[in-house]
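Participant: Pasting upload08.txt here (compact mmCIF, C-alpha atoms):
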# COMPACT_ATOMS: atom_id res chain seq x y z
CA MET A 1 -6.20 -17.77 21.15
CA LEU A 2 -8.47 -15.75 18.89
CA TYR A 3 -10.12 -14.09 21.89
CA TYR A 4 -6.76 -12.92 23.22
CA LEU A 5 -5.78 -11.53 19.81
CA ASN A 6 -9.13 -9.74 19.53
CA GLY A 7 -8.67 -8.26 22.99
CA LEU A 8 -5.19 -6.99 22.14
CA PHE A 9 -6.40 -5.51 18.86
CA VAL A 10 -9.32 -3.62 20.38
CA GLY A 11 -7.28 -2.53 23.39
CA PHE A 12 -4.53 -1.14 21.16
CA LEU A 13 -7.08 0.78 19.08
CA ILE A 14 -8.71 2.44 22.09
CA LEU A 15 -5.37 3.26 23.70
CA ALA A 16 -4.06 4.67 20.41
CA ASN A 17 -6.92 7.17 20.35
CA VAL A 18 -5.87 8.37 23.81
CA LEU A 19 -2.17 8.56 22.92
CA ALA A 20 -2.79 10.40 19.65
CA VAL A 21 -2.75 13.78 21.40
CA LYS A 22 1.01 13.39 22.13
CA VAL A 23 3.39 14.15 19.27
CA PHE A 24 7.01 13.01 19.31
CA SER A 25 9.95 13.45 16.98
CA ILE A 26 12.67 11.17 15.65
CA GLY A 27 15.65 13.34 14.89
CA GLU A 28 14.80 16.62 13.19
CA TRP A 29 12.87 15.35 10.21
CA MET A 30 10.20 12.94 11.47
CA VAL A 31 7.26 14.01 13.64
CA LEU A 32 4.67 11.41 14.62
CA PRO A 33 1.68 11.02 16.93
CA ALA A 34 2.40 8.74 19.87
CA ALA A 35 -0.44 6.52 18.63
CA ALA A 36 1.90 5.35 15.86
CA ILE A 37 3.73 3.08 18.29
CA LEU A 38 0.50 1.13 18.79
CA ILE A 39 -1.12 1.39 15.36
CA ILE A 40 1.84 -0.40 13.76
CA PHE A 41 0.91 -3.48 15.80
CA THR A 42 -2.78 -3.54 14.87
CA TYR A 43 -2.19 -4.53 11.25
CA PRO A 44 0.08 -7.48 12.13
CA LEU A 45 -2.56 -8.65 14.62
CA ILE A 46 -5.23 -8.59 11.93
CA ASP A 47 -2.91 -10.48 9.57
CA VAL A 48 -2.30 -13.14 12.21
CA ILE A 49 -6.05 -13.54 12.73
CA CYS A 50 -6.65 -13.84 8.98
CA GLU A 51 -3.79 -16.32 8.61
CA VAL A 52 -4.88 -18.66 11.39
CA TYR A 53 -8.65 -18.18 11.58
CA GLY A 54 -9.63 -16.93 8.13
CA LYS A 55 -11.03 -13.88 6.38
CA GLU A 56 -14.38 -13.92 8.19
CA ALA A 57 -12.70 -13.89 11.60
CA GLY A 58 -10.57 -10.97 10.47
CA GLY A 59 -13.66 -9.10 9.31
CA ARG A 60 -15.41 -9.67 12.64
CA THR A 61 -12.38 -8.32 14.48
CA VAL A 62 -12.36 -5.19 12.32
CA ARG A 63 -16.07 -4.59 12.99
CA THR A 64 -15.57 -5.17 16.71
CA GLY A 65 -12.77 -2.59 16.70
CA LEU A 66 -14.95 -0.03 14.95
CA ILE A 67 -17.85 -0.55 17.38
CA ALA A 68 -15.49 -0.29 20.35
CA GLN A 69 -14.06 2.98 19.05
CA VAL A 70 -17.51 4.48 18.52
CA PHE A 71 -18.54 3.51 22.07
CA ALA A 72 -15.27 4.92 23.43
CA VAL A 73 -15.88 8.26 21.70
CA PHE A 74 -19.47 8.31 22.99
CA PHE A 75 -18.58 7.62 26.63
CA ILE A 76 -15.58 9.96 26.60
CA ALA A 77 -17.89 12.73 25.34
CA ILE A 78 -20.29 12.01 28.21
CA ALA A 79 -17.45 11.99 30.75
CA ILE A 80 -16.22 15.37 29.49
CA GLU A 81 -19.68 16.92 29.82
CA LEU A 82 -20.29 15.65 33.34
CA PRO A 83 -20.02 18.55 35.81
CA PRO A 84 -16.65 18.29 37.59
CA ALA A 85 -16.57 18.02 41.36
CA GLN A 86 -15.02 20.91 43.26
CA ALA A 87 -12.09 18.70 44.21
CA PHE A 88 -11.39 17.93 40.55
CA VAL A 89 -9.30 20.84 39.27
CA HIS A 90 -8.08 19.34 36.02
CA GLN A 91 -11.20 19.57 33.85
CA GLN A 92 -9.44 21.57 31.14
CA GLU A 93 -6.55 19.12 30.98
CA PHE A 94 -9.03 16.23 30.91
CA GLU A 95 -10.81 17.77 27.93
CA THR A 96 -7.53 18.50 26.15
CA ILE A 97 -6.19 14.98 26.51
CA LEU A 98 -9.38 13.02 25.82
CA GLY A 99 -11.54 15.41 23.83
CA GLY A 100 -9.78 15.84 20.51
CA SER A 101 -11.55 17.51 17.64
CA MET A 102 -14.57 15.98 15.95
CA ARG A 103 -12.86 16.30 12.58
CA VAL A 104 -9.86 14.28 13.77
CA ILE A 105 -12.13 11.65 15.31
CA ILE A 106 -14.14 11.29 12.10
CA ALA A 107 -10.91 11.12 10.07
CA SER A 108 -9.61 8.37 12.32
CA LEU A 109 -12.79 6.28 12.08
CA ILE A 110 -13.05 6.61 8.29
CA ALA A 111 -9.37 5.85 7.72
CA TYR A 112 -9.58 2.84 10.04
CA SER A 113 -12.76 1.41 8.48
CA ILE A 114 -11.42 1.56 4.93
CA SER A 115 -7.78 0.67 5.46
CA VAL A 116 -8.14 -2.28 7.84
CA ASN A 117 -10.91 -3.85 5.75
CA LEU A 118 -8.63 -3.43 2.74
CA ASP A 119 -5.85 -5.16 4.67
CA VAL A 120 -8.13 -8.15 5.30
CA VAL A 121 -9.14 -8.38 1.63
CA ILE A 122 -5.59 -8.10 0.25
CA PHE A 123 -4.16 -10.54 2.79
CA SER A 124 -6.91 -13.08 2.06
CA LYS A 125 -6.40 -12.79 -1.71
CA PHE A 126 -2.70 -13.54 -1.34
CA LYS A 127 -3.45 -16.46 0.96
CA GLU A 128 -5.88 -17.93 -1.57
CA LYS A 129 -3.11 -17.76 -4.16
CA HIS A 130 -0.15 -18.99 -2.09
CA GLY A 131 -1.76 -21.15 0.61
CA ASP A 132 0.33 -21.34 3.76
CA GLY A 133 3.50 -20.26 1.97
CA LYS A 134 4.89 -16.72 1.58
CA LEU A 135 3.37 -15.34 4.75
CA TRP A 136 5.98 -12.57 4.69
CA LEU A 137 4.72 -11.45 1.27
CA ARG A 138 1.03 -11.18 2.09
CA ASN A 139 1.73 -9.68 5.50
CA ASN A 140 3.92 -6.90 4.14
CA ALA A 141 1.97 -6.31 0.93
CA SER A 142 -1.38 -5.98 2.69
CA THR A 143 0.00 -3.90 5.54
CA MET A 144 2.05 -1.51 3.40
CA LEU A 145 -0.78 -0.80 0.97
CA SER A 146 -3.51 -0.48 3.60
CA GLN A 147 -1.35 1.79 5.76
CA LEU A 148 -0.66 3.95 2.72
CA ILE A 149 -4.43 4.40 2.33
CA ASP A 150 -4.88 4.90 6.07
CA THR A 151 -2.23 7.63 6.26
CA ALA A 152 -3.48 9.43 3.15
CA LEU A 153 -7.11 9.41 4.29
CA PHE A 154 -6.38 10.46 7.86
CA VAL A 155 -4.02 13.31 6.98
CA THR A 156 -6.33 14.61 4.24
CA ILE A 157 -9.60 14.43 6.17
CA ALA A 158 -8.16 15.67 9.47
CA PHE A 159 -5.92 18.51 8.27
CA PHE A 160 -6.70 19.55 4.68
CA GLY A 161 -7.45 23.27 4.61
CA ILE A 162 -5.97 23.72 8.08
CA MET A 163 -2.31 23.12 7.32
CA PRO A 164 -0.33 24.25 4.24
CA PHE A 165 -0.08 21.57 1.55
CA LYS A 166 3.69 21.31 1.99
CA VAL A 167 3.24 20.53 5.69
CA LEU A 168 0.53 17.97 4.90
CA LEU A 169 2.80 16.29 2.38
CA THR A 170 5.67 16.16 4.87
CA LEU A 171 3.36 14.75 7.53
CA PHE A 172 2.10 12.09 5.14
CA ILE A 173 5.56 11.07 3.90
CA THR A 174 7.19 10.87 7.32
CA GLN A 175 4.32 8.91 8.84
CA TYR A 176 4.22 6.45 5.98
CA ILE A 177 7.99 5.90 5.98
CA PHE A 178 7.77 5.08 9.67
CA LYS A 179 4.88 2.66 9.12
CA PHE A 180 6.59 1.09 6.08
CA LEU A 181 9.77 0.36 8.01
CA ALA A 182 7.81 -0.79 11.06
CA SER A 183 5.91 -3.28 8.89
CA ILE A 184 9.18 -4.90 7.81
CA VAL A 185 10.51 -5.00 11.36
CA ALA A 186 7.25 -6.54 12.62
CA THR A 187 7.38 -9.48 10.18
CA PRO A 188 9.07 -11.84 12.67
CA LEU A 189 6.37 -10.90 15.19
CA VAL A 190 3.70 -12.08 12.75
CA TYR A 191 5.46 -15.43 12.28
CA GLY A 192 5.85 -15.79 16.03
CA LEU A 193 2.21 -15.03 16.80
CA VAL A 194 0.98 -17.39 14.08
CA TYR A 195 3.12 -20.16 15.58
CA VAL A 196 1.92 -19.42 19.13
CA ALA A 197 -1.75 -19.23 18.09
CA ARG A 198 -1.66 -22.56 16.26
CA LYS A 199 0.24 -24.28 19.04
CA PHE A 200 -2.08 -22.84 21.71
CA ASP A 201 -5.23 -23.98 19.91
CA LYS A 202 -3.72 -27.39 19.17
CA HIS A 203 -2.83 -27.82 22.83
CA LYS A 204 -6.40 -26.88 23.79
CA GLY A 205 -7.83 -29.16 21.11
CA ILE A 206 -9.53 -26.23 19.37
CA GLU A 207 -9.88 -26.08 15.60
CA PRO A 208 -9.82 -22.62 13.91
CA SER A 209 -13.35 -23.28 12.59
CA HIS A 210 -14.54 -23.50 16.22
CA TYR A 211 -14.42 -19.72 16.42
Spell out the structure here as structure tokens.
Facilitator:
Amino acid sequence: MLYYLNGLFVGFLILANVLAVKVFSIGEWMVLPAAAILIIFTYPLIDVICEVYGKEAGGRTVRTGLIAQVFAVFFIAIAIELPPAQAFVHQQEFETILGGSMRVIIASLIAYSISVNLDVVIFSKFKEKHGDGKLWLRNNASTMLSQLIDTALFVTIAFFGIMPFKVLLTLFITQYIFKFLASIVATPLVYGLVYVARKFDKHKGIEPSHY
């Protein structure tokens, strides 16, 4: 089951980078990048991996996600620079959707590297203390704190000096409120995936240490 969880995690990360160019609003007070609808699932996936397969497996998944993102950025850059065929009349749109700015890309990679590794560490510390109990506590505590760091780093690195401080603060607060609430809502998903992963591996006769 670990391989399926890894595939989902990496796939969500890559797709989130593509969706980030779209911004949507909830009411009149919350504006978010479309990537938020995927990013809120990546932390629960990491927590499930740490819960079932351990801290080292979680760390490997984080590193795999980082490598995949770097390769994605590299190949997207190559694709953008390739001379378009005469029949392809959407080069500008292609660049707009997939190009992004280097500053935003760097901000995303730095925020990801620090926050998701922090999530693994915090989750594992709580698991060492509580064993298999209180999954809801370590899931929410690790996710809420790591997403706080992720949001703060990304907003600061990507937009500081470009947007007024008041706008930056609003962007940070609204994004984090959304992620905070999403973390709570996703708690049953974590329990469900942990149950499915353990049952799947038991059915296949696979021990977590096998991975």
Participant: As a PyMOL selection string, please: the residues near Leu193 of chain A (cut-off 12 Å, only C-alpha atoms, same-chain neighbours under 2 positions excluded).
Facilitator: chain A and resi 1-2+4-5+41+44-52+186-191+195-200
Participant: To one decimal place, how far is atom CA of Leu15 of chain A from atom CA of Ala72 of chain A in Å?
Facilitator: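 Calculated distance between atom CA of Leu15 of chain A and atom CA of Ala72 of chain A is 10.0 Å.
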Participant: With distances taken over only C-alpha atoms, which of A:Leu145, A:Leu168, A:Leu118, A:Ile14 is nearest to Phe180 of chain A?
Facilitator: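 Of A:Leu145, A:Leu168, A:Leu118, A:Ile14, the one nearest Phe180 of chain A, counting only C-alpha atoms, is A:Leu145.
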Participant: Of the residues A:Ser25, A:Pro33, A:Ser124, A:Ile106, which is the one nearest to Gly59 of chain A, using only C-alpha atoms?
Facilitator: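 Among A:Ser25, A:Pro33, A:Ser124, A:Ile106, it is A:Ser124 that comes nearest to Gly59 of chain A.
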Participant: With all atoms listed in the file as the basis for distance, which of A:Leu19, A:Val116, A:Ile122, A:Met30 is at the shortest distance from Leu66 of chain A?
Facilitator: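 Among A:Leu19, A:Val116, A:Ile122, A:Met30, it is A:Val116 that comes nearest to Leu66 of chain A.
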Participant: Quick one: pull the distance between atom CA of Ala87 of chain A and atom CA of Met102 of chain A, Å, one decimal.
Facilitator: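 Value for the atom CA of Ala87 of chain A-atom CA of Met102 of chain A distance: 28.5 Å.
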Participant: Which is closest to Ser108 of chain A among A:Val89, A:Leu82, A:Ile149, A:Val31, if we use all atoms listed in the file?
Facilitator: A:Ile149
Participant: Nearest to Ser113 of chain A: which of A:Gly205, A:Gly58, A:Gly7, A:Gly65 is it, counting all atoms listed in the file?
Facilitator: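 Ranking A:Gly205, A:Gly58, A:Gly7, A:Gly65 by distance to Ser113 of chain A, first place goes to A:Gly65.
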Participant: Tell me which protein, DNA and RNA residues are within 8 Å of Ile40 of chain A, counting all atoms listed in the file, leaving out same-chain ones fewer than 3 positions away, and put them as a list in words.
Facilitator: Ala36, Ile37, Tyr43, Pro44, Lys179, Ala182 and Ser183 of chain A
Participant: If I take atom CA of Ala85 of chain A and atom CA of Gly11 of chain A, how far is one from the other in Å, to one decimal?
Facilitator: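 Between atom CA of Ala85 of chain A and atom CA of Gly11 of chain A the gap is 28.8 Å.
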Participant: Find, counting only C-alpha atoms, the residue in A:His210, A:Gly161, A:Phe154, A:Gly54 that gets nearest to Lys125 of chain A.
Facilitator: A:Gly54
Participant: Taking (-4.8, 3.9, 17.5) in the file's coordinates, which residues come within 6 Å, counting all atoms listed in the file, written as a PyMOL selection string?
Facilitator: chain A and resi 13+16-17+35+39
